[in-house]
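Here's the structure we're looking at; comments come further down.
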Amino acid sequence: MSIREPQKALALFIAAFILCGCVKDTTLDAGLERKVVVEFVLTDDTIQSLYLSLTKEPGEKVAPPVQETEIRLIDVTKSKELNREIVLNEFVRVSDYQWTLDYAGIPGHEYRLEVKVDGYDPVWAEQKIPEQFELVTAAPGHDMGLPKYVGYGAFYTIDSVPEYLIIRGMQRNKETGEYGPVEELCSDYPGVEEINATGRFYDGNRKWRTGTGWGEAPFVYHDSPVEGTDGVWTYMFPNLIGKELHDGFLLINRVEENHAGLDNLYDFGNGKGFCVSGSFYINHGYYDSDYNLIDYDEYLLISSLSPDYGRFVKDTYQFKKVHDGDDLSSIYLRDNIYSNIQGGLGIFGAIVSTVTVFYGNNQDTAPVSKIEL
């Protein structure tokens, strides 16, 4: 199986997410001097983008671009290992506000960003790229003495949750065959942030469905979970019913082991697991007419964020809510948005992403064309 196509689509989703807060018009309160605004999110992708501007003064329509500047990215970890400073300074200006660097960040390495804009004091920040990771399936099969929907559900162990985690979904369009984003997601993990909550709630997507899942076998729909003999299954998640849906992604802040909300998660005997679902089609595989698996229909994009970037994402989305509701008051919120840029404003963050198949219906072995959706 090749997942090149979904990986390519997800790469665009990552880029769109990273750029969502870039080059914001940051307006100064009267009497304050201009500041340098830096936004740089380091990834393990091959090209990095940095955004640089100055704060607006009252009455200015756009943030003024900088003129002469020097940008240095120092690999602190490698510098210590080699006992000499390892500097990446080949940033190329591609627009008034954007610079790019041909470089892939190294997970686990610490970096220092230094920016010198002509006429302003230098600004700097330090950041560590999260380690590569993947969510570990909590219920790999159904022969565990568990309810059948648990054995088949998209459950993940809580031990694998980094400090800040973003989960997004993608799925193949049934008509075009193209991959696109899953519009709404939810989870029973207690650390889900409410910044993009929709006010709508998960109801199971559709009725509970049971059947043998082979060929033309009929399906029977029920209003609640149904246990049965081998070959009879259900695939919706009752533990999520009533959980609030979130627009486009889940931002999760890891909770401590003694958090009361963890008591409500399902215990798999070797640890607790949390569930993810939403407006997925719940199609596991894409088959040809001979039942040969061509590709998977649904994926999760799972991103580990550095703590600084996690706080920044949370604040910028809260800022956006206020900004959309009241344009005038938003100019006073500058200091409420988290920044780790010393001597300036903005963010130097880091993010590492992986792609995994969404096993929302991993017991389904019938071709998509023969499943009633």
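Chains: A, B, ... in order of the structure tokens. Residues: from 1 per chain. Ligands: from 1, in order shown.
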
Open item on the list: Need the shell around stretch 354-356 of chain A: protein/DNA/RNA residues with any atom at most 6 Å away, counting only C-alpha atoms. Skip same-chain ones fewer than 2 positions apart. Format as a PyMOL selection string?
Closed with: chain A and resi 299-302

If you keep C-alpha atoms, can you produce a file of those selected residues as a PDB file, in the first residue's frame?
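Produced file part.pdb, reproduced below:
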```pdb
ATOM      1  CA  TYR A 299      -6.155   9.108   8.035  1.00  0.00           C
ATOM      2  CA  LEU A 300      -5.188  11.101  11.087  1.00  0.00           C
ATOM      3  CA  LEU A 301      -2.525  13.799  10.996  1.00  0.00           C
ATOM      4  CA  ILE A 302      -0.995  13.818  14.469  1.00  0.00           C
TER       5      ILE A 302
END
```

Worksheet item: Which residues come within 8 Å of stretch 102-114 of chain A, counting only C-alpha atoms, excluding same-chain residues fewer than 2 positions away, as a PyMOL selection string?
Response: chain A and resi 42-48+71-78+90-91+100+116+122-132+348+352

C-alpha atoms of the current selection, written as a short mmCIF file (atom, residue, chain, number, x, y, z; two decimals), in the first residue's frame:
```cif
data_model
loop_
_atom_site.label_atom_id
_atom_site.label_comp_id
_atom_site.auth_asym_id
_atom_site.auth_seq_id
_atom_site.Cartn_x
_atom_site.Cartn_y
_atom_site.Cartn_z
CA LEU A 42 10.52 24.89 12.79
CA THR A 43 9.55 21.47 11.38
CA ASP A 44 11.29 18.35 10.12
CA ASP A 45 10.16 19.20 6.59
CA THR A 46 12.77 20.17 3.99
CA ILE A 47 11.86 23.86 3.68
CA GLN A 48 11.28 26.30 6.53
CA ILE A 71 18.76 35.97 10.35
CA ARG A 72 20.71 33.19 12.07
CA LEU A 73 19.46 29.77 13.14
CA ILE A 74 21.90 27.95 15.43
CA ASP A 75 21.72 24.19 16.08
CA VAL A 76 22.59 24.34 19.77
CA THR A 77 22.66 20.56 20.20
CA LYS A 78 25.07 19.94 17.34
CA GLU A 90 21.08 30.98 4.23
CA PHE A 91 17.61 32.47 4.59
CA THR A 100 12.69 30.55 3.43
CA LYS A 116 18.89 41.61 13.63
CA PRO A 122 18.54 42.16 18.12
CA VAL A 123 15.75 39.74 19.03
CA TRP A 124 16.15 36.06 19.80
CA ALA A 125 14.45 32.91 21.07
CA GLU A 126 15.31 29.28 21.77
CA GLN A 127 13.28 26.18 21.01
CA LYS A 128 13.49 22.39 21.04
CA ILE A 129 11.90 20.30 18.29
CA PRO A 130 9.70 17.53 19.73
CA GLU A 131 10.81 13.96 19.20
CA GLN A 132 9.16 11.87 16.50
CA PHE A 348 9.62 30.68 17.60
CA VAL A 352 6.63 17.35 14.23
#
```

The residue from A:Lys314, A:Lys56, A:His259, A:Lys272 with the smallest atom-to-atom distance to A:Thr137, counting only C-alpha atoms, is A:Lys272

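The space between atom CA of A:Phe237 and atom CA of A:Val192 spans 17.4 Å.
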
As a check of understanding: the span from atom CA of A:Ile337 to atom CA of A:Val117 is 22.3 Å

Which is closer to A:Gln171 than all the others in A:Val92, A:Gly191, A:Leu305, A:Glu183, using only C-alpha atoms?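 Among the listed residues, A:Glu183 lies closest to A:Gln171.
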